[in-house]
file query-v7.cif (mmCIF, C-alpha atoms and all ligand atoms)
data_structure
loop_
_atom_site.label_atom_id
_atom_site.label_comp_id
_atom_site.auth_asym_id
_atom_site.auth_seq_id
_atom_site.Cartn_x
_atom_site.Cartn_y
_atom_site.Cartn_z
CA MET A 298 -18.80 -95.44 143.69
CA LYS A 299 -16.94 -97.34 140.98
CA GLN A 300 -18.12 -100.86 140.20
CA PRO A 301 -16.27 -103.40 142.38
CA ALA A 302 -13.57 -105.45 140.71
CA ILE A 303 -14.19 -109.17 141.09
CA GLN A 304 -11.48 -111.78 140.56
CA VAL A 305 -12.26 -115.49 140.79
CA TYR A 306 -9.59 -118.12 141.43
CA ARG A 307 -9.91 -121.85 140.79
CA ASP A 308 -9.18 -122.83 144.38
CA ARG A 309 -8.33 -121.33 147.78
CA HIS A 310 -4.60 -121.85 147.30
CA LEU A 311 -4.55 -119.76 144.12
CA LEU A 312 -6.78 -117.28 145.95
CA ALA A 313 -4.29 -117.04 148.83
CA GLU A 314 -1.46 -116.54 146.33
CA ALA A 315 -3.37 -113.73 144.63
CA ALA A 316 -4.17 -112.13 147.99
CA ALA A 317 -0.53 -112.25 149.08
CA ASN A 318 0.53 -110.62 145.80
CA HIS A 319 -2.16 -107.98 146.32
CA PHE A 320 -0.78 -107.26 149.80
CA VAL A 321 2.76 -106.89 148.38
CA ASP A 322 1.56 -104.60 145.58
CA GLN A 323 -0.41 -102.43 147.99
CA ALA A 324 2.57 -102.25 150.35
CA HIS A 325 4.90 -101.10 147.55
CA LYS A 326 2.35 -98.58 146.28
CA ASN A 327 1.69 -96.96 149.67
CA ILE A 328 5.27 -97.01 150.91
CA SER A 329 6.26 -95.27 147.66
CA ARG A 330 3.43 -92.79 148.07
CA HIS A 331 3.71 -91.81 151.75
CA GLY A 332 6.47 -93.88 153.30
CA ARG A 333 4.21 -96.20 155.26
CA PHE A 334 1.66 -98.97 154.67
CA ASN A 335 -1.27 -98.86 157.09
CA VAL A 336 -3.19 -102.09 156.69
CA ALA A 337 -6.13 -103.54 158.65
CA LEU A 338 -6.21 -107.31 158.77
CA SER A 339 -9.44 -109.25 158.91
CA GLY A 340 -10.24 -112.11 161.24
CA GLY A 341 -11.66 -115.54 160.75
CA SER A 342 -9.82 -118.39 159.05
CA THR A 343 -9.66 -117.42 155.38
CA PRO A 344 -6.68 -115.04 155.67
CA SER A 345 -4.43 -117.68 157.29
CA GLU A 346 -2.92 -119.08 154.09
CA MET A 347 -2.29 -115.58 152.71
CA HIS A 348 -0.56 -114.68 155.98
CA GLN A 349 1.60 -117.82 155.83
CA LEU A 350 2.67 -116.99 152.26
CA LEU A 351 3.59 -113.43 153.32
CA ALA A 352 5.67 -114.85 156.17
CA THR A 353 7.53 -117.30 153.93
CA LYS A 354 7.49 -116.98 150.15
CA TYR A 355 6.98 -113.18 150.21
CA ALA A 356 8.90 -112.39 153.41
CA ASP A 357 11.58 -110.54 151.45
CA SER A 358 9.11 -108.75 149.17
CA VAL A 359 7.88 -106.21 151.72
CA ASP A 360 9.77 -103.51 153.67
CA TRP A 361 8.15 -104.75 156.88
CA ASN A 362 9.51 -101.99 159.10
CA ARG A 363 7.35 -99.55 157.14
CA VAL A 364 4.13 -101.49 157.76
CA ASP A 365 1.65 -100.73 160.55
CA PHE A 366 -0.87 -103.44 161.32
CA PHE A 367 -4.41 -102.71 162.45
CA TRP A 368 -7.52 -104.88 162.74
CA GLY A 369 -10.91 -104.47 161.11
CA ASP A 370 -12.55 -106.07 164.10
CA GLU A 371 -11.86 -108.19 167.15
CA ARG A 372 -13.62 -110.74 169.21
CA TYR A 373 -14.04 -109.73 172.85
CA VAL A 374 -11.54 -112.29 174.15
CA PRO A 375 -7.95 -111.99 175.43
CA GLN A 376 -5.29 -111.49 172.76
CA ASP A 377 -3.84 -114.95 173.52
CA HIS A 378 -7.23 -116.67 173.12
CA PRO A 379 -7.61 -119.10 170.16
CA GLU A 380 -10.64 -117.08 168.99
CA SER A 381 -8.69 -113.81 168.90
CA ASN A 382 -8.06 -112.26 165.48
CA TYR A 383 -4.87 -110.73 166.88
CA PHE A 384 -3.78 -114.22 168.03
CA MET A 385 -4.46 -115.70 164.58
CA ALA A 386 -2.45 -112.97 162.84
CA LYS A 387 0.46 -113.37 165.26
CA ASN A 388 0.55 -117.14 164.76
CA THR A 389 0.30 -117.05 160.97
CA LEU A 390 2.27 -113.88 160.12
CA LEU A 391 3.36 -111.37 162.75
CA ASP A 392 5.57 -113.67 164.83
CA HIS A 393 7.40 -114.73 161.66
CA ILE A 394 8.45 -111.36 160.20
CA ASP A 395 10.91 -108.76 161.45
CA ILE A 396 8.71 -106.07 163.03
CA GLU A 397 8.60 -104.10 166.29
CA PRO A 398 5.72 -104.31 168.80
CA SER A 399 5.08 -100.61 168.09
CA GLN A 400 3.96 -101.61 164.59
CA LEU A 401 1.08 -103.70 165.96
CA HIS A 402 -2.06 -101.77 166.81
CA GLY A 403 -4.36 -104.33 168.38
CA ILE A 404 -7.72 -103.60 169.98
CA ALA A 405 -7.61 -103.27 173.79
CA VAL A 406 -10.00 -106.06 174.67
CA ASP A 407 -9.00 -105.79 178.34
CA LEU A 408 -11.16 -102.64 178.53
CA ALA A 409 -14.96 -102.54 178.76
CA PRO A 410 -16.46 -102.85 175.23
CA ASP A 411 -17.34 -99.18 174.75
CA GLU A 412 -14.00 -98.09 176.24
CA ALA A 413 -12.17 -100.48 173.91
CA ALA A 414 -13.94 -98.89 170.94
CA LYS A 415 -13.06 -95.36 172.10
CA ALA A 416 -9.46 -96.38 172.75
CA TYR A 417 -9.16 -97.86 169.26
CA THR A 418 -10.52 -94.69 167.73
CA ARG A 419 -7.71 -92.82 169.51
CA THR A 420 -5.20 -95.43 168.29
CA LEU A 421 -6.27 -94.85 164.69
CA ARG A 422 -6.16 -91.05 165.03
CA ASP A 423 -2.77 -91.11 166.78
CA SER A 424 -1.20 -93.74 164.51
CA LEU A 425 -2.40 -92.52 161.13
CA GLY A 426 -1.53 -88.91 161.89
CA ASP A 427 -1.37 -86.80 158.75
CA ALA A 428 -1.75 -89.91 156.59
CA GLY A 429 -5.13 -90.28 158.17
CA PRO A 430 -7.83 -90.63 158.77
CA SER A 431 -8.12 -93.42 156.29
CA LEU A 432 -6.27 -96.70 156.17
CA ASP A 433 -4.41 -97.67 153.02
CA LEU A 434 -5.91 -101.15 152.82
CA VAL A 435 -8.69 -102.87 154.75
CA PHE A 436 -8.97 -106.63 154.31
CA LEU A 437 -12.43 -108.01 154.94
CA GLY A 438 -13.91 -111.48 155.13
CA MET A 439 -17.57 -112.34 154.70
CA GLY A 440 -19.61 -114.73 156.77
CA ASP A 441 -22.21 -117.13 155.31
CA ASP A 442 -24.83 -114.68 156.63
CA GLY A 443 -23.32 -111.80 154.65
CA HIS A 444 -21.69 -110.10 157.65
CA THR A 445 -18.30 -108.47 157.34
CA ALA A 446 -15.87 -107.36 160.02
CA SER A 447 -18.21 -107.58 163.03
CA LEU A 448 -21.07 -105.87 161.23
CA PHE A 449 -23.67 -108.60 161.69
CA PRO A 450 -27.23 -108.56 160.31
CA GLY A 451 -29.69 -106.64 162.45
CA THR A 452 -27.09 -105.27 164.87
CA ARG A 453 -26.78 -101.71 166.18
CA ALA A 454 -23.40 -101.06 164.53
CA LEU A 455 -25.00 -101.13 161.07
CA LYS A 456 -26.71 -97.82 161.77
CA ASP A 457 -23.72 -95.99 163.22
CA THR A 458 -22.70 -93.16 160.92
CA GLN A 459 -20.80 -91.09 163.50
CA ASN A 460 -18.04 -93.31 164.86
CA TRP A 461 -14.97 -94.94 163.39
CA VAL A 462 -15.08 -97.88 165.84
CA VAL A 463 -17.95 -99.28 167.91
CA ALA A 464 -18.67 -102.04 170.39
CA ASN A 465 -21.33 -104.23 168.81
CA LEU A 466 -23.44 -106.69 170.79
CA VAL A 467 -24.00 -109.73 168.55
CA GLU A 468 -26.94 -111.46 170.17
CA LYS A 469 -26.86 -114.54 167.94
CA LEU A 470 -23.31 -115.21 169.17
CA ASP A 471 -24.11 -113.91 172.66
CA THR A 472 -20.96 -111.83 172.60
CA TRP A 473 -19.52 -108.36 172.19
CA ARG A 474 -17.38 -107.51 169.20
CA ILE A 475 -15.29 -104.39 168.53
CA THR A 476 -15.50 -103.33 164.90
CA LEU A 477 -14.67 -100.61 162.44
CA THR A 478 -17.90 -99.08 161.17
CA ALA A 479 -18.88 -99.17 157.50
CA PRO A 480 -18.47 -95.39 157.08
CA TYR A 481 -14.91 -95.63 158.41
CA ILE A 482 -14.05 -98.67 156.26
CA ASN A 483 -15.44 -96.75 153.28
CA GLN A 484 -12.83 -94.04 153.81
CA ALA A 485 -10.03 -96.50 153.02
CA ARG A 486 -7.98 -96.15 149.86
CA GLN A 487 -8.45 -99.83 149.11
CA VAL A 488 -10.95 -102.33 150.52
CA THR A 489 -10.44 -105.97 149.61
CA PHE A 490 -12.73 -108.86 150.43
CA LEU A 491 -11.21 -112.33 150.63
CA VAL A 492 -13.96 -114.96 150.38
CA ALA A 493 -13.59 -118.71 149.94
CA GLY A 494 -15.75 -121.79 150.25
CA GLU A 495 -19.04 -123.12 148.94
CA ASN A 496 -20.75 -122.18 152.19
CA LYS A 497 -20.40 -118.51 151.21
CA ALA A 498 -21.88 -118.90 147.70
CA ILE A 499 -25.52 -118.07 148.45
CA ALA A 500 -24.67 -115.06 150.64
CA LEU A 501 -22.19 -113.85 148.02
CA ARG A 502 -24.85 -113.92 145.31
CA LYS A 503 -27.26 -112.01 147.57
CA VAL A 504 -24.57 -109.43 148.37
CA LEU A 505 -23.29 -108.93 144.83
CA GLU A 506 -26.35 -109.60 142.71
CA GLY A 507 -29.34 -109.33 145.00
CA PRO A 508 -31.44 -106.32 145.96
CA CYS A 509 -29.91 -103.73 148.26
CA GLN A 510 -30.77 -104.89 151.79
CA PRO A 511 -27.73 -104.11 153.95
CA GLU A 512 -29.59 -104.79 157.18
CA ARG A 513 -29.74 -108.44 156.11
CA TYR A 514 -26.45 -108.50 154.15
CA PRO A 515 -24.13 -105.97 155.82
CA SER A 516 -21.32 -106.58 153.31
CA GLN A 517 -23.46 -104.42 150.99
CA LEU A 518 -22.60 -101.43 153.23
CA ILE A 519 -19.02 -101.55 151.94
CA LYS A 520 -18.80 -98.94 149.16
CA PRO A 521 -15.53 -97.02 149.36
CA MET A 522 -16.17 -93.31 148.87
CA ASN A 523 -13.03 -92.58 146.86
CA GLY A 524 -11.12 -95.84 147.18
CA GLN A 525 -11.18 -99.08 145.26
CA LEU A 526 -13.23 -102.16 146.15
CA LEU A 527 -11.89 -105.56 145.15
CA TRP A 528 -13.43 -108.99 145.70
CA LEU A 529 -10.95 -111.87 145.67
CA ILE A 530 -12.98 -115.08 145.69
CA ASP A 531 -12.50 -118.73 144.93
CA LEU A 532 -14.62 -120.68 142.44
CA ALA A 533 -16.46 -122.48 145.23
CA ALA A 534 -17.69 -119.20 146.72
CA ALA A 535 -18.48 -117.83 143.25
CA GLY A 536 -20.52 -120.88 142.28
CA GLN A 537 -23.93 -119.16 142.52
CA LEU A 538 -22.98 -115.94 140.76
CA GLN A 539 -24.93 -115.25 137.58
CA ILE A 540 -22.07 -113.12 136.26
CA LEU A 541 -19.46 -115.87 136.77
CA GLU A 542 -18.78 -116.43 133.09
CA GLY A 543 -17.64 -112.86 132.60
CA LEU A 544 -15.17 -112.92 135.46
CA ILE A 545 -11.45 -113.47 135.47
CA LEU A 546 -10.72 -117.07 136.27
CA GLU A 547 -7.07 -117.61 137.15
C1 LIG A 601 -14.25 -112.26 162.41
C2 LIG A 601 -14.12 -111.64 161.06
C3 LIG A 601 -15.29 -111.99 160.20
C4 LIG A 601 -14.76 -113.02 159.23
C5 LIG A 601 -15.88 -113.73 158.54
C6 LIG A 601 -15.33 -114.86 157.64
O1 LIG A 601 -13.81 -111.68 163.38
O2 LIG A 601 -14.76 -113.40 162.42
O3 LIG A 601 -13.64 -110.48 160.94
O4 LIG A 601 -15.85 -110.91 159.52
O5 LIG A 601 -13.91 -112.37 158.28
O6 LIG A 601 -16.72 -114.29 159.54
O7 LIG A 601 -14.68 -115.78 158.48
P1 LIG A 601 -13.96 -117.07 157.84
O8 LIG A 601 -12.77 -116.56 157.09
O9 LIG A 601 -13.54 -117.89 159.05
O10 LIG A 601 -14.96 -117.76 156.96
#

call {"tool": "encode", "arguments": {"input": "query-v7.cif", "output": "structure tokens"}}
result
Amino acid sequence: MKQPAIQVYRDRHLLAEAAANHFVDQAHKNISRHGRFNVALSGGSTPSEMHQLLATKYADSVDWNRVDFFWGDERYVPQDHPESNYFMAKNTLLDHIDIEPSQLHGIAVDLAPDEAAKAYTRTLRDSLGDAGPSLDLVFLGMGDDGHTASLFPGTRALKDTQNWVVANLVEKLDTWRITLTAPYINQARQVTFLVAGENKAIALRKVLEGPCQPERYPSQLIKPMNGQLLWLIDLAAAGQLQILEGLILE
């Protein structure tokens, strides 16, 4: 695997701007290459500002009817629940751009966890068709424990090398999650982490500069086989990195 590219931005607003530009570039590149842009959004709060920029400042920069939206993971709550990643994306981006419902490929959280995972695997196979099986771009966040998507430390999903999507019981949150597996994420053409905030700094140093211990820091599982890996981070999250001085600071 190629070394990951790491870009550091002075604050989360510049980070969001860079992430929105990255989305636009990736959309242009993939639409030119195969006529579509198959992108998996991440959950949590960090992507919100990027989404809002895409829905406003960059709304005319993307051929939205050629974009298919997927999710890297989902909380096991209804799609209109405040904790839902689908709900967050709709509020911050999807309800504000001109797309059809058929372009949204959410995770069927109304099914039992394992059934939801199987159904999403079928969704990916059916939707990506001959462009498959890999997604063009997978956005990922990282928790302050080093988790990504819903691949949490010490959970069963970390060991799954067979499936594209699994139901993952996260005991520390006492909840089920539905998540893409690391081997499936690693098939993507581009994987981009978006990480902001001082509370991520220690975990980020462990993930990027510490020993390889993916059971404890699952973000270390993300090593695209043939694709590119990019870390877009703000200065606050990068604060503990030993290699900070050599990085791009925009
Ligand atoms: C989720 C996410 C998760 C998230 C990180 C960072 O469903 O919560 O997919 O992996 O990206 O926990 O979350 P924040 O952006 O809120 O810090």

call {"tool": "residues_near_point", "arguments": {"input": "query-v7.cif", "point": "(-27.5, -101.1, 165.2)", "cutoff": "12 Å", "atoms": "all atoms listed in the file", "output": "PDB file with C-alpha atoms, in the coordinates of the input"}}
result
ATOM      1  CA  SER A 447     -18.210-107.580 163.030  1.00  0.00           C
ATOM      2  CA  LEU A 448     -21.070-105.870 161.230  1.00  0.00           C
ATOM      3  CA  PHE A 449     -23.670-108.600 161.690  1.00  0.00           C
ATOM      4  CA  PRO A 450     -27.230-108.560 160.310  1.00  0.00           C
ATOM      5  CA  GLY A 451     -29.690-106.640 162.450  1.00  0.00           C
ATOM      6  CA  THR A 452     -27.090-105.270 164.870  1.00  0.00           C
ATOM      7  CA  ARG A 453     -26.780-101.710 166.180  1.00  0.00           C
ATOM      8  CA  ALA A 454     -23.400-101.060 164.530  1.00  0.00           C
ATOM      9  CA  LEU A 455     -25.000-101.130 161.070  1.00  0.00           C
ATOM     10  CA  LYS A 456     -26.710 -97.820 161.770  1.00  0.00           C
ATOM     11  CA  ASP A 457     -23.720 -95.990 163.220  1.00  0.00           C
ATOM     12  CA  THR A 458     -22.700 -93.160 160.920  1.00  0.00           C
ATOM     13  CA  VAL A 463     -17.950 -99.280 167.910  1.00  0.00           C
ATOM     14  CA  ALA A 464     -18.670-102.040 170.390  1.00  0.00           C
ATOM     15  CA  ASN A 465     -21.330-104.230 168.810  1.00  0.00           C
ATOM     16  CA  LEU A 466     -23.440-106.690 170.790  1.00  0.00           C
ATOM     17  CA  VAL A 467     -24.000-109.730 168.550  1.00  0.00           C
ATOM     18  CA  GLU A 468     -26.940-111.460 170.170  1.00  0.00           C
ATOM     19  CA  THR A 478     -17.900 -99.080 161.170  1.00  0.00           C
ATOM     20  CA  ALA A 479     -18.880 -99.170 157.500  1.00  0.00           C
ATOM     21  CA  PRO A 511     -27.730-104.110 153.950  1.00  0.00           C
ATOM     22  CA  GLU A 512     -29.590-104.790 157.180  1.00  0.00           C
ATOM     23  CA  ARG A 513     -29.740-108.440 156.110  1.00  0.00           C
ATOM     24  CA  PRO A 515     -24.130-105.970 155.820  1.00  0.00           C
TER      25      PRO A 515
END

call {"tool": "residues_near_ligand", "arguments": {"input": "query-v7.cif", "ligand": "ligand LIG 601 (chain A)", "cutoff": "10 Å", "atoms": "only C-alpha atoms and all ligand atoms", "output": "ChimeraX atom specification"}}
result
/A:338-345,368-373,380-383,436-449,474-476,490-494,496-497,516

call {"tool": "residues_near_point", "arguments": {"input": "query-v7.cif", "point": "(-7.8, -120.0, 143.7)", "cutoff": "12 Å", "atoms": "only C-alpha atoms", "output": "mmCIF file with C-alpha atoms, keeping the file's coordinate frame"}}
result
data_model
loop_
_atom_site.group_PDB
_atom_site.id
_atom_site.type_symbol
_atom_site.label_atom_id
_atom_site.label_comp_id
_atom_site.auth_asym_id
_atom_site.auth_seq_id
_atom_site.Cartn_x
_atom_site.Cartn_y
_atom_site.Cartn_z
ATOM 1 C CA GLN A 304 -11.480 -111.780 140.560
ATOM 2 C CA VAL A 305 -12.260 -115.490 140.790
ATOM 3 C CA TYR A 306 -9.590 -118.120 141.430
ATOM 4 C CA ARG A 307 -9.910 -121.850 140.790
ATOM 5 C CA ASP A 308 -9.180 -122.830 144.380
ATOM 6 C CA ARG A 309 -8.330 -121.330 147.780
ATOM 7 C CA HIS A 310 -4.600 -121.850 147.300
ATOM 8 C CA LEU A 311 -4.550 -119.760 144.120
ATOM 9 C CA LEU A 312 -6.780 -117.280 145.950
ATOM 10 C CA ALA A 313 -4.290 -117.040 148.830
ATOM 11 C CA GLU A 314 -1.460 -116.540 146.330
ATOM 12 C CA ALA A 315 -3.370 -113.730 144.630
ATOM 13 C CA ALA A 316 -4.170 -112.130 147.990
ATOM 14 C CA ALA A 317 -0.530 -112.250 149.080
ATOM 15 C CA GLU A 346 -2.920 -119.080 154.090
ATOM 16 C CA MET A 347 -2.290 -115.580 152.710
ATOM 17 C CA LEU A 491 -11.210 -112.330 150.630
ATOM 18 C CA VAL A 492 -13.960 -114.960 150.380
ATOM 19 C CA ALA A 493 -13.590 -118.710 149.940
ATOM 20 C CA GLY A 494 -15.750 -121.790 150.250
ATOM 21 C CA LEU A 529 -10.950 -111.870 145.670
ATOM 22 C CA ILE A 530 -12.980 -115.080 145.690
ATOM 23 C CA ASP A 531 -12.500 -118.730 144.930
ATOM 24 C CA LEU A 532 -14.620 -120.680 142.440
ATOM 25 C CA ALA A 533 -16.460 -122.480 145.230
ATOM 26 C CA ALA A 534 -17.690 -119.200 146.720
ATOM 27 C CA ALA A 535 -18.480 -117.830 143.250
ATOM 28 C CA ILE A 545 -11.450 -113.470 135.470
ATOM 29 C CA LEU A 546 -10.720 -117.070 136.270
ATOM 30 C CA GLU A 547 -7.070 -117.610 137.150
#

call {"tool": "residues_around", "arguments": {"input": "query-v7.cif", "residues": "Val488 (chain A)", "least_positions_apart": "3", "cutoff": "7 Å", "atoms": "all atoms listed in the file", "output": "PyMOL selection string"}}
result
chain A and resi 434-436+485+525-527

call {"tool": "atom_distance", "arguments": {"input": "query-v7.cif", "atom1": "CA of Asn388 (chain A)", "atom2": "CA of Thr489 (chain A)"}}
result
21.8 Å

call {"tool": "atom_distance", "arguments": {"input": "query-v7.cif", "atom1": "CA of Gly426 (chain A)", "atom2": "CA of Val406 (chain A)"}}
result
23.0 Å

call {"tool": "atom_distance", "arguments": {"input": "query-v7.cif", "atom1": "CA of Asn523 (chain A)", "atom2": "CA of Arg330 (chain A)"}}
result
16.5 Å

call {"tool": "closest_residue", "arguments": {"input": "query-v7.cif", "among": "A:Val364, A:Ala302, A:Ala409, A:Ala352", "to": "Ile394 (chain A)", "atoms": "only C-alpha atoms"}}
result
A:Ala352

call {"tool": "residues_around", "arguments": {"input": "query-v7.cif", "residues": "region 410-419 of chain A", "least_positions_apart": "3", "cutoff": "6 Å", "atoms": "only C-alpha atoms", "output": "PyMOL selection string"}}
result
chain A and resi 404-405+422-423+462-464

call {"tool": "write_last_selection", "arguments": {"input": "query-v7.cif", "atoms": "C-alpha atoms", "output": "compact mmCIF listing (two decimals), keeping the file's coordinate frame"}}
result
# COMPACT_ATOMS: atom_id res chain seq x y z
CA ILE A 404 -7.72 -103.60 169.98
CA ALA A 405 -7.61 -103.27 173.79
CA ARG A 422 -6.16 -91.05 165.03
CA ASP A 423 -2.77 -91.11 166.78
CA VAL A 462 -15.08 -97.88 165.84
CA VAL A 463 -17.95 -99.28 167.91
CA ALA A 464 -18.67 -102.04 170.39

call {"tool": "closest_residue", "arguments": {"input": "query-v7.cif", "among": "A:Val321, A:Ile540, A:Val359, A:Val336", "to": "Gly403 (chain A)", "atoms": "all atoms listed in the file"}}
result
A:Val336

call {"tool": "closest_residue", "arguments": {"input": "query-v7.cif", "among": "A:Gln487, A:Thr353, A:Arg502, A:Leu421", "to": "Lys326 (chain A)", "atoms": "all atoms listed in the file"}}
result
A:Gln487

call {"tool": "closest_residue", "arguments": {"input": "query-v7.cif", "among": "A:His319, A:His393, A:Lys387, A:His331", "to": "Arg363 (chain A)", "atoms": "all atoms listed in the file"}}
result
A:His331

call {"tool": "closest_residue", "arguments": {"input": "query-v7.cif", "among": "A:His348, A:Lys503, A:Lys469, A:Arg333", "to": "Asp360 (chain A)", "atoms": "all atoms listed in the file"}}
result
A:Arg333

call {"tool": "closest_residue", "arguments": {"input": "query-v7.cif", "among": "A:Tyr481, A:Trp473, A:Leu505, A:Asp395", "to": "Asp357 (chain A)", "atoms": "only C-alpha atoms"}}
result
A:Asp395

call {"tool": "decode", "arguments": {"input": "query-v7.cif", "residues": "region 436-449 of chain A", "atoms": "N, CA, C and O atoms", "output": "mmCIF file, in the first residue's frame"}}
result
data_model
loop_
_atom_site.group_PDB
_atom_site.id
_atom_site.type_symbol
_atom_site.label_atom_id
_atom_site.label_comp_id
_atom_site.auth_asym_id
_atom_site.auth_seq_id
_atom_site.Cartn_x
_atom_site.Cartn_y
_atom_site.Cartn_z
ATOM 1 N N PHE A 436 -15.855 8.130 2.520
ATOM 2 C CA PHE A 436 -15.473 9.073 3.573
ATOM 3 C C PHE A 436 -15.516 8.324 4.900
ATOM 4 O O PHE A 436 -16.437 7.528 5.147
ATOM 5 N N LEU A 437 -14.550 8.618 5.751
ATOM 6 C CA LEU A 437 -14.523 8.011 7.077
ATOM 7 C C LEU A 437 -14.254 9.091 8.120
ATOM 8 O O LEU A 437 -13.523 10.053 7.855
ATOM 9 N N GLY A 438 -14.845 8.907 9.293
ATOM 10 C CA GLY A 438 -14.444 9.717 10.443
ATOM 11 C C GLY A 438 -13.595 8.819 11.346
ATOM 12 O O GLY A 438 -13.389 7.638 11.054
ATOM 13 N N MET A 439 -13.137 9.389 12.441
ATOM 14 C CA MET A 439 -12.403 8.604 13.427
ATOM 15 C C MET A 439 -12.822 9.050 14.821
ATOM 16 O O MET A 439 -12.872 10.264 15.103
ATOM 17 N N GLY A 440 -13.151 8.100 15.654
ATOM 18 C CA GLY A 440 -13.522 8.437 17.024
ATOM 19 C C GLY A 440 -12.284 8.663 17.886
ATOM 20 O O GLY A 440 -11.157 8.362 17.481
ATOM 21 N N ASP A 441 -12.489 9.178 19.101
ATOM 22 C CA ASP A 441 -11.329 9.445 19.985
ATOM 23 C C ASP A 441 -10.765 8.140 20.561
ATOM 24 O O ASP A 441 -9.776 8.162 21.301
ATOM 25 N N ASP A 442 -11.399 7.026 20.199
ATOM 26 C CA ASP A 442 -10.853 5.704 20.584
ATOM 27 C C ASP A 442 -10.206 5.024 19.375
ATOM 28 O O ASP A 442 -9.827 3.856 19.439
ATOM 29 N N GLY A 443 -10.132 5.748 18.262
ATOM 30 C CA GLY A 443 -9.492 5.190 17.067
ATOM 31 C C GLY A 443 -10.419 4.346 16.207
ATOM 32 O O GLY A 443 -9.981 3.767 15.202
ATOM 33 N N HIS A 444 -11.702 4.287 16.546
ATOM 34 C CA HIS A 444 -12.644 3.545 15.681
ATOM 35 C C HIS A 444 -12.884 4.326 14.401
ATOM 36 O O HIS A 444 -12.695 5.540 14.339
ATOM 37 N N THR A 445 -13.353 3.597 13.380
ATOM 38 C CA THR A 445 -13.805 4.254 12.159
ATOM 39 C C THR A 445 -14.996 3.487 11.620
ATOM 40 O O THR A 445 -15.155 2.297 11.938
ATOM 41 N N ALA A 446 -15.839 4.161 10.869
ATOM 42 C CA ALA A 446 -17.142 3.603 10.514
ATOM 43 C C ALA A 446 -17.746 3.096 11.822
ATOM 44 O O ALA A 446 -17.737 3.820 12.822
ATOM 45 N N SER A 447 -18.224 1.839 11.842
ATOM 46 C CA SER A 447 -18.639 1.284 13.153
ATOM 47 C C SER A 447 -17.755 0.107 13.514
ATOM 48 O O SER A 447 -18.196 -0.908 14.072
ATOM 49 N N LEU A 448 -16.482 0.250 13.156
ATOM 50 C CA LEU A 448 -15.456 -0.744 13.499
ATOM 51 C C LEU A 448 -14.811 -0.288 14.809
ATOM 52 O O LEU A 448 -13.851 0.481 14.813
ATOM 53 N N PHE A 449 -15.391 -0.734 15.912
ATOM 54 C CA PHE A 449 -14.957 -0.287 17.237
ATOM 55 C C PHE A 449 -13.940 -1.257 17.820
ATOM 56 O O PHE A 449 -13.945 -2.454 17.494
#
